[in-house]
>>> print(open('entry.pdb').read())   # PDB, C-alpha atoms
ATOM      1  CA  MET A   1      13.961  24.817 -19.424  1.00  0.00           C
ATOM      2  CA  VAL A   2      15.321  21.259 -19.665  1.00  0.00           C
ATOM      3  CA  ILE A   3      18.706  22.332 -18.256  1.00  0.00           C
ATOM      4  CA  PHE A   4      16.958  24.129 -15.390  1.00  0.00           C
ATOM      5  CA  LEU A   5      14.892  21.015 -14.558  1.00  0.00           C
ATOM      6  CA  LEU A   6      17.989  18.791 -14.728  1.00  0.00           C
ATOM      7  CA  LEU A   7      19.768  21.138 -12.308  1.00  0.00           C
ATOM      8  CA  ILE A   8      16.769  21.163  -9.949  1.00  0.00           C
ATOM      9  CA  GLY A   9      16.558  17.362 -10.110  1.00  0.00           C
ATOM     10  CA  ALA A  10      20.292  17.070  -9.418  1.00  0.00           C
ATOM     11  CA  LEU A  11      19.937  19.511  -6.505  1.00  0.00           C
ATOM     12  CA  PHE A  12      17.133  17.397  -4.991  1.00  0.00           C
ATOM     13  CA  ILE A  13      19.285  14.261  -5.320  1.00  0.00           C
ATOM     14  CA  VAL A  14      22.219  16.039  -3.632  1.00  0.00           C
ATOM     15  CA  ILE A  15      19.937  17.248  -0.802  1.00  0.00           C
ATOM     16  CA  ASP A  16      18.559  13.723  -0.378  1.00  0.00           C
ATOM     17  CA  GLN A  17      22.009  12.131  -0.255  1.00  0.00           C
ATOM     18  CA  ALA A  18      23.340  14.840   2.097  1.00  0.00           C
ATOM     19  CA  LEU A  19      20.437  14.264   4.507  1.00  0.00           C
ATOM     20  CA  LYS A  20      21.028  10.515   4.377  1.00  0.00           C
ATOM     21  CA  TYR A  21      24.737  11.100   5.077  1.00  0.00           C
ATOM     22  CA  TRP A  22      23.689  13.189   8.087  1.00  0.00           C
ATOM     23  CA  ALA A  23      21.360  10.386   9.183  1.00  0.00           C
ATOM     24  CA  VAL A  24      24.196   7.846   9.062  1.00  0.00           C
ATOM     25  CA  THR A  25      26.859   9.994  10.711  1.00  0.00           C
ATOM     26  CA  VAL A  26      24.814  11.891  13.304  1.00  0.00           C
ATOM     27  CA  LEU A  27      21.475  10.148  13.784  1.00  0.00           C
ATOM     28  CA  MET A  28      22.439   6.471  13.557  1.00  0.00           C
ATOM     29  CA  PRO A  29      24.746   6.588  16.622  1.00  0.00           C
ATOM     30  CA  VAL A  30      21.941   8.003  18.799  1.00  0.00           C
ATOM     31  CA  GLY A  31      18.991   6.261  17.097  1.00  0.00           C
ATOM     32  CA  SER A  32      16.473   9.078  17.351  1.00  0.00           C
ATOM     33  CA  MET A  33      16.066  12.801  18.096  1.00  0.00           C
ATOM     34  CA  ASP A  34      13.270  15.241  18.632  1.00  0.00           C
ATOM     35  CA  PHE A  35      12.622  17.717  15.825  1.00  0.00           C
ATOM     36  CA  ILE A  36       9.275  19.498  16.212  1.00  0.00           C
ATOM     37  CA  LYS A  37       7.545  19.699  19.581  1.00  0.00           C
ATOM     38  CA  ILE A  38       4.801  22.196  20.297  1.00  0.00           C
ATOM     39  CA  GLY A  39       3.974  22.436  23.952  1.00  0.00           C
ATOM     40  CA  GLY A  40       3.768  18.857  25.146  1.00  0.00           C
ATOM     41  CA  LEU A  41       2.849  17.603  21.673  1.00  0.00           C
ATOM     42  CA  ASP A  42       5.561  15.570  19.938  1.00  0.00           C
ATOM     43  CA  ILE A  43       4.896  16.108  16.210  1.00  0.00           C
ATOM     44  CA  LEU A  44       7.959  15.179  14.163  1.00  0.00           C
ATOM     45  CA  GLY A  45      11.214  13.517  15.012  1.00  0.00           C
ATOM     46  CA  PHE A  46      14.201  11.812  13.488  1.00  0.00           C
ATOM     47  CA  TYR A  47      14.543   8.052  13.742  1.00  0.00           C
ATOM     48  CA  TYR A  48      17.240   6.164  11.843  1.00  0.00           C
ATOM     49  CA  THR A  49      16.111   3.059  10.022  1.00  0.00           C
ATOM     50  CA  GLN A  50      17.081   0.967   7.012  1.00  0.00           C
ATOM     51  CA  ASN A  51      14.229  -0.021   4.703  1.00  0.00           C
ATOM     52  CA  ASP A  52      14.949  -2.897   2.338  1.00  0.00           C
ATOM     53  CA  GLY A  53      11.419  -2.701   0.910  1.00  0.00           C
ATOM     54  CA  ALA A  54       9.206  -0.090  -0.712  1.00  0.00           C
ATOM     55  CA  ALA A  55       6.545   2.103   0.917  1.00  0.00           C
ATOM     56  CA  PHE A  56       5.551   0.871   4.377  1.00  0.00           C
ATOM     57  CA  SER A  57       8.224  -1.876   3.967  1.00  0.00           C
ATOM     58  CA  SER A  58       6.185  -3.656   1.291  1.00  0.00           C
ATOM     59  CA  PHE A  59       8.266  -5.919  -0.980  1.00  0.00           C
ATOM     60  CA  SER A  60      10.848  -6.249   1.782  1.00  0.00           C
ATOM     61  CA  GLY A  61      13.986  -7.964   0.513  1.00  0.00           C
ATOM     62  CA  ALA A  62      13.095  -7.522  -3.177  1.00  0.00           C
ATOM     63  CA  ARG A  63      16.048  -5.220  -3.873  1.00  0.00           C
ATOM     64  CA  TYR A  64      16.613  -5.962  -7.567  1.00  0.00           C
ATOM     65  CA  PHE A  65      12.905  -6.103  -8.361  1.00  0.00           C
ATOM     66  CA  LEU A  66      12.424  -2.659  -6.791  1.00  0.00           C
ATOM     67  CA  ILE A  67      15.423  -1.229  -8.676  1.00  0.00           C
ATOM     68  CA  ILE A  68      14.152  -2.552 -12.027  1.00  0.00           C
ATOM     69  CA  VAL A  69      10.531  -1.477 -11.458  1.00  0.00           C
ATOM     70  CA  ASN A  70      11.594   2.006 -10.343  1.00  0.00           C
ATOM     71  CA  ILE A  71      13.875   2.459 -13.352  1.00  0.00           C
ATOM     72  CA  ILE A  72      11.073   1.340 -15.706  1.00  0.00           C
ATOM     73  CA  LEU A  73       8.579   3.713 -14.051  1.00  0.00           C
ATOM     74  CA  MET A  74      10.987   6.646 -14.171  1.00  0.00           C
ATOM     75  CA  ALA A  75      11.861   5.962 -17.830  1.00  0.00           C
ATOM     76  CA  GLY A  76       8.132   5.822 -18.613  1.00  0.00           C
ATOM     77  CA  LEU A  77       7.566   9.153 -16.873  1.00  0.00           C
ATOM     78  CA  ILE A  78      10.452  10.786 -18.722  1.00  0.00           C
ATOM     79  CA  ILE A  79       9.167   9.481 -22.080  1.00  0.00           C
ATOM     80  CA  PHE A  80       5.668  10.708 -21.196  1.00  0.00           C
ATOM     81  CA  ALA A  81       7.049  14.150 -20.284  1.00  0.00           C
ATOM     82  CA  PHE A  82       8.973  14.425 -23.573  1.00  0.00           C
ATOM     83  CA  ARG A  83       5.940  13.342 -25.599  1.00  0.00           C
ATOM     84  CA  SER A  84       3.727  15.824 -23.733  1.00  0.00           C
ATOM     85  CA  LYS A  85       6.263  18.634 -24.014  1.00  0.00           C
ATOM     86  CA  GLY A  86       4.256  20.925 -26.286  1.00  0.00           C
ATOM     87  CA  LYS A  87       0.852  20.114 -24.788  1.00  0.00           C
ATOM     88  CA  HIS A  88       1.562  19.980 -21.066  1.00  0.00           C
ATOM     89  CA  LYS A  89       4.324  22.294 -19.856  1.00  0.00           C
ATOM     90  CA  PHE A  90       3.511  21.806 -16.169  1.00  0.00           C
ATOM     91  CA  ILE A  91       4.142  18.032 -16.440  1.00  0.00           C
ATOM     92  CA  ASN A  92       7.909  18.610 -16.169  1.00  0.00           C
ATOM     93  CA  ILE A  93       7.709  19.796 -12.562  1.00  0.00           C
ATOM     94  CA  PRO A  94       6.057  16.695 -11.053  1.00  0.00           C
ATOM     95  CA  VAL A  95       8.130  14.414 -13.286  1.00  0.00           C
ATOM     96  CA  THR A  96      11.324  16.120 -12.049  1.00  0.00           C
ATOM     97  CA  LEU A  97      10.216  15.616  -8.438  1.00  0.00           C
ATOM     98  CA  ILE A  98       9.264  11.959  -8.935  1.00  0.00           C
ATOM     99  CA  VAL A  99      12.385  11.049 -10.915  1.00  0.00           C
ATOM    100  CA  SER A 100      14.807  12.837  -8.577  1.00  0.00           C
ATOM    101  CA  GLY A 101      13.191  11.179  -5.547  1.00  0.00           C
ATOM    102  CA  GLY A 102      13.224   7.814  -7.271  1.00  0.00           C
ATOM    103  CA  LEU A 103      16.892   8.202  -8.184  1.00  0.00           C
ATOM    104  CA  GLY A 104      17.760   9.231  -4.633  1.00  0.00           C
ATOM    105  CA  ASN A 105      16.311   5.971  -3.322  1.00  0.00           C
ATOM    106  CA  ILE A 106      17.758   3.874  -6.176  1.00  0.00           C
ATOM    107  CA  ILE A 107      21.220   5.192  -5.301  1.00  0.00           C
ATOM    108  CA  ASP A 108      20.727   3.785  -1.794  1.00  0.00           C
ATOM    109  CA  ARG A 109      19.382   0.445  -3.049  1.00  0.00           C
ATOM    110  CA  ILE A 110      22.284  -0.048  -5.453  1.00  0.00           C
ATOM    111  CA  ARG A 111      24.988   1.221  -3.074  1.00  0.00           C
ATOM    112  CA  LEU A 112      23.706  -0.156   0.233  1.00  0.00           C
ATOM    113  CA  GLY A 113      20.980  -2.707  -0.510  1.00  0.00           C
ATOM    114  CA  TYR A 114      18.428  -0.658   1.441  1.00  0.00           C
ATOM    115  CA  VAL A 115      17.047   2.869   1.672  1.00  0.00           C
ATOM    116  CA  ILE A 116      17.970   5.112   4.596  1.00  0.00           C
ATOM    117  CA  ASP A 117      14.860   6.576   6.230  1.00  0.00           C
ATOM    118  CA  TYR A 118      14.922   9.108   9.060  1.00  0.00           C
ATOM    119  CA  LEU A 119      11.753  11.248   9.267  1.00  0.00           C
ATOM    120  CA  GLU A 120       9.203  10.053  11.819  1.00  0.00           C
ATOM    121  CA  VAL A 121       5.732  11.507  12.226  1.00  0.00           C
ATOM    122  CA  ARG A 122       5.149  11.159  15.955  1.00  0.00           C
ATOM    123  CA  LEU A 123       1.759  12.845  16.111  1.00  0.00           C
ATOM    124  CA  PHE A 124       0.243   9.595  14.816  1.00  0.00           C
ATOM    125  CA  ASN A 125       1.634   6.215  13.810  1.00  0.00           C
ATOM    126  CA  PHE A 126       3.018   6.556  10.291  1.00  0.00           C
ATOM    127  CA  ALA A 127       5.853   5.113   8.228  1.00  0.00           C
ATOM    128  CA  ILE A 128       9.352   6.501   8.613  1.00  0.00           C
ATOM    129  CA  PHE A 129      10.447   8.177   5.375  1.00  0.00           C
ATOM    130  CA  ASN A 130      13.041  10.471   3.784  1.00  0.00           C
ATOM    131  CA  PHE A 131      13.431  13.527   1.535  1.00  0.00           C
ATOM    132  CA  ALA A 132      13.329  11.412  -1.653  1.00  0.00           C
ATOM    133  CA  ASP A 133       9.984   9.956  -0.547  1.00  0.00           C
ATOM    134  CA  ILE A 134       8.649  13.495  -0.046  1.00  0.00           C
ATOM    135  CA  CYS A 135       9.730  14.412  -3.593  1.00  0.00           C
ATOM    136  CA  VAL A 136       7.959  11.347  -5.010  1.00  0.00           C
ATOM    137  CA  VAL A 137       4.740  11.947  -3.050  1.00  0.00           C
ATOM    138  CA  VAL A 138       4.574  15.685  -3.808  1.00  0.00           C
ATOM    139  CA  GLY A 139       5.339  14.984  -7.479  1.00  0.00           C
ATOM    140  CA  ALA A 140       2.675  12.263  -7.678  1.00  0.00           C
ATOM    141  CA  PHE A 141       0.128  14.565  -6.013  1.00  0.00           C
ATOM    142  CA  LEU A 142       0.924  17.400  -8.440  1.00  0.00           C
ATOM    143  CA  LEU A 143       0.728  15.018 -11.401  1.00  0.00           C
ATOM    144  CA  ALA A 144      -2.644  13.672 -10.256  1.00  0.00           C
ATOM    145  CA  PHE A 145      -3.950  17.187  -9.603  1.00  0.00           C
ATOM    146  CA  TYR A 146      -2.748  18.393 -13.001  1.00  0.00           C
ATOM    147  CA  THR A 147      -4.309  15.371 -14.710  1.00  0.00           C
ATOM    148  CA  ILE A 148      -7.677  16.026 -13.041  1.00  0.00           C
ATOM    149  CA  VAL A 149      -7.589  19.749 -13.849  1.00  0.00           C
ATOM    150  CA  SER A 150      -6.577  19.025 -17.462  1.00  0.00           C
ATOM    151  CA  ASP A 151      -9.406  16.519 -17.802  1.00  0.00           C
ATOM    152  CA  VAL A 152     -11.947  19.014 -16.422  1.00  0.00           C
ATOM    153  CA  LYS A 153     -10.667  21.702 -18.809  1.00  0.00           C
ATOM    154  CA  ALA A 154     -10.857  19.271 -21.750  1.00  0.00           C
ATOM    155  CA  ARG A 155     -14.509  18.636 -20.873  1.00  0.00           C
ATOM    156  CA  GLY A 156     -15.194  22.339 -20.888  1.00  0.00           C
ATOM    157  CA  GLY A 157     -15.265  22.678 -17.122  1.00  0.00           C
ATOM    158  CA  ASP A 158     -17.835  19.889 -16.679  1.00  0.00           C
ATOM    159  CA  LEU A 159     -17.084  17.788 -13.608  1.00  0.00           C
ATOM    160  CA  GLY A 160     -19.396  14.969 -14.603  1.00  0.00           C
ATOM    161  CA  ASP A 161     -23.015  13.992 -14.976  1.00  0.00           C
ATOM    162  CA  LYS A 162     -25.375  16.612 -13.560  1.00  0.00           C
ATOM    163  CA  GLY A 163     -28.311  14.250 -13.533  1.00  0.00           C
ATOM    164  CA  ASP A 164     -29.980  15.819 -16.605  1.00  0.00           C
TER
END
>>> encode(input="entry.pdb", output="structure tokens")
Amino acid sequence: MVIFLLLIGALFIVIDQALKYWAVTVLMPVGSMDFIKIGGLDILGFYYTQNDGAAFSSFSGARYFLIIVNIILMAGLIIFAFRSKGKHKFINIPVTLIVSGGLGNIIDRIRLGYVIDYLEVRLFNFAIFNFADICVVVGAFLLAFYTIVSDVKARGGDLGDKGD
């Protein structure tokens, strides 16, 4: 199972880096492109940008701080996954997603000094992001969901005080 998860994580990193290569070679020269339009509704597009911060450009310019914090968080997640190995088998899936996404963005920060972002939600004003960000968000959501479900199961299915 560990080998399988390492291969999946490596695959996600390769996909992330390949998409970023595409963004630099194809998207950067034109700036932006349409992707999903339904009728007259512009939903999703590609827009090349360089983000030297974290989510929503927070911590802009704090390259080394972001690298160190991300490495510490990923190491903590990996240690948590190994310690939970026998108890929580599902934990490995969200941890693989989060770590592979984190590594995809760390590669950019170390190599370039910024993260390449290219996905733009046009339906409403939202941050521009990339495949690695999607891995991190989906992994974090799955981890939170699993934690909540595990907590409910540990309580015997009780979701809280019933006002008794």
>>> atom_distance(input="entry.pdb", atom1="CA of Tyr48 (chain A)", atom2="CA of Met28 (chain A)")
5.5 Å
>>> closest_residue(input="entry.pdb", among="A:Val99, A:Leu66, A:Ile91, A:Met74", to="Gly113 (chain A)", atoms="only C-alpha atoms")
A:Leu66
>>> closest_residue(input="entry.pdb", among="A:Trp22, A:Phe129, A:Tyr114, A:Tyr47", to="Gly61 (chain A)", atoms="all atoms listed in the file")
A:Tyr114
>>> atom_distance(input="entry.pdb", atom1="CA of Leu11 (chain A)", atom2="CA of Ile98 (chain A)")
13.3 Å
>>> resolve_selection(input="entry.pdb", expression="the PyMOL selection byres ((chain A and resi 140-143) around 8)", output="list of chain:residue names")
A:Ile91, A:Pro94, A:Val95, A:Ile98, A:Val136, A:Val137, A:Val138, A:Gly139, A:Ala144, A:Phe145, A:Tyr146, A:Thr147
>>> closest_residue(input="entry.pdb", among="A:Ala62, A:Leu5, A:Thr49, A:Asp151", to="Ser32 (chain A)", atoms="only C-alpha atoms")
A:Thr49
>>> closest_residue(input="entry.pdb", among="A:Asn125, A:Gln17, A:Asn130, A:Thr96", to="Ala81 (chain A)", atoms="all atoms listed in the file")
A:Thr96
>>> atom_distance(input="entry.pdb", atom1="CA of Met33 (chain A)", atom2="CA of Arg109 (chain A)")
24.7 Å
>>> resolve_selection(input="entry.pdb", expression="the PyMOL selection byres ((chain A and resi 120) around 12)", output="PyMOL selection string")
chain A and resi 31-36+42-49+117-119+121-131
>>> resolve_selection(input="entry.pdb", expression="the PyMOL selection byres ((chain A and resi 10) around 12)", output="list in words")
Ile3, Phe4, Leu5, Leu6, Leu7, Ile8, Gly9, Leu11, Phe12, Ile13, Val14, Ile15, Asp16, Gln17, Thr96, Leu97, Val99, Ser100, Gly101, Gly102, Leu103, Gly104 and Ala132 of chain A
>>> closest_residue(input="entry.pdb", among="A:Ala154, A:Ile116, A:Val149, A:Ser60", to="Tyr21 (chain A)", atoms="all atoms listed in the file")
A:Ile116
>>> closest_residue(input="entry.pdb", among="A:Ile78, A:Val2, A:Val152, A:Ile67", to="Asp108 (chain A)", atoms="only C-alpha atoms")
A:Ile67
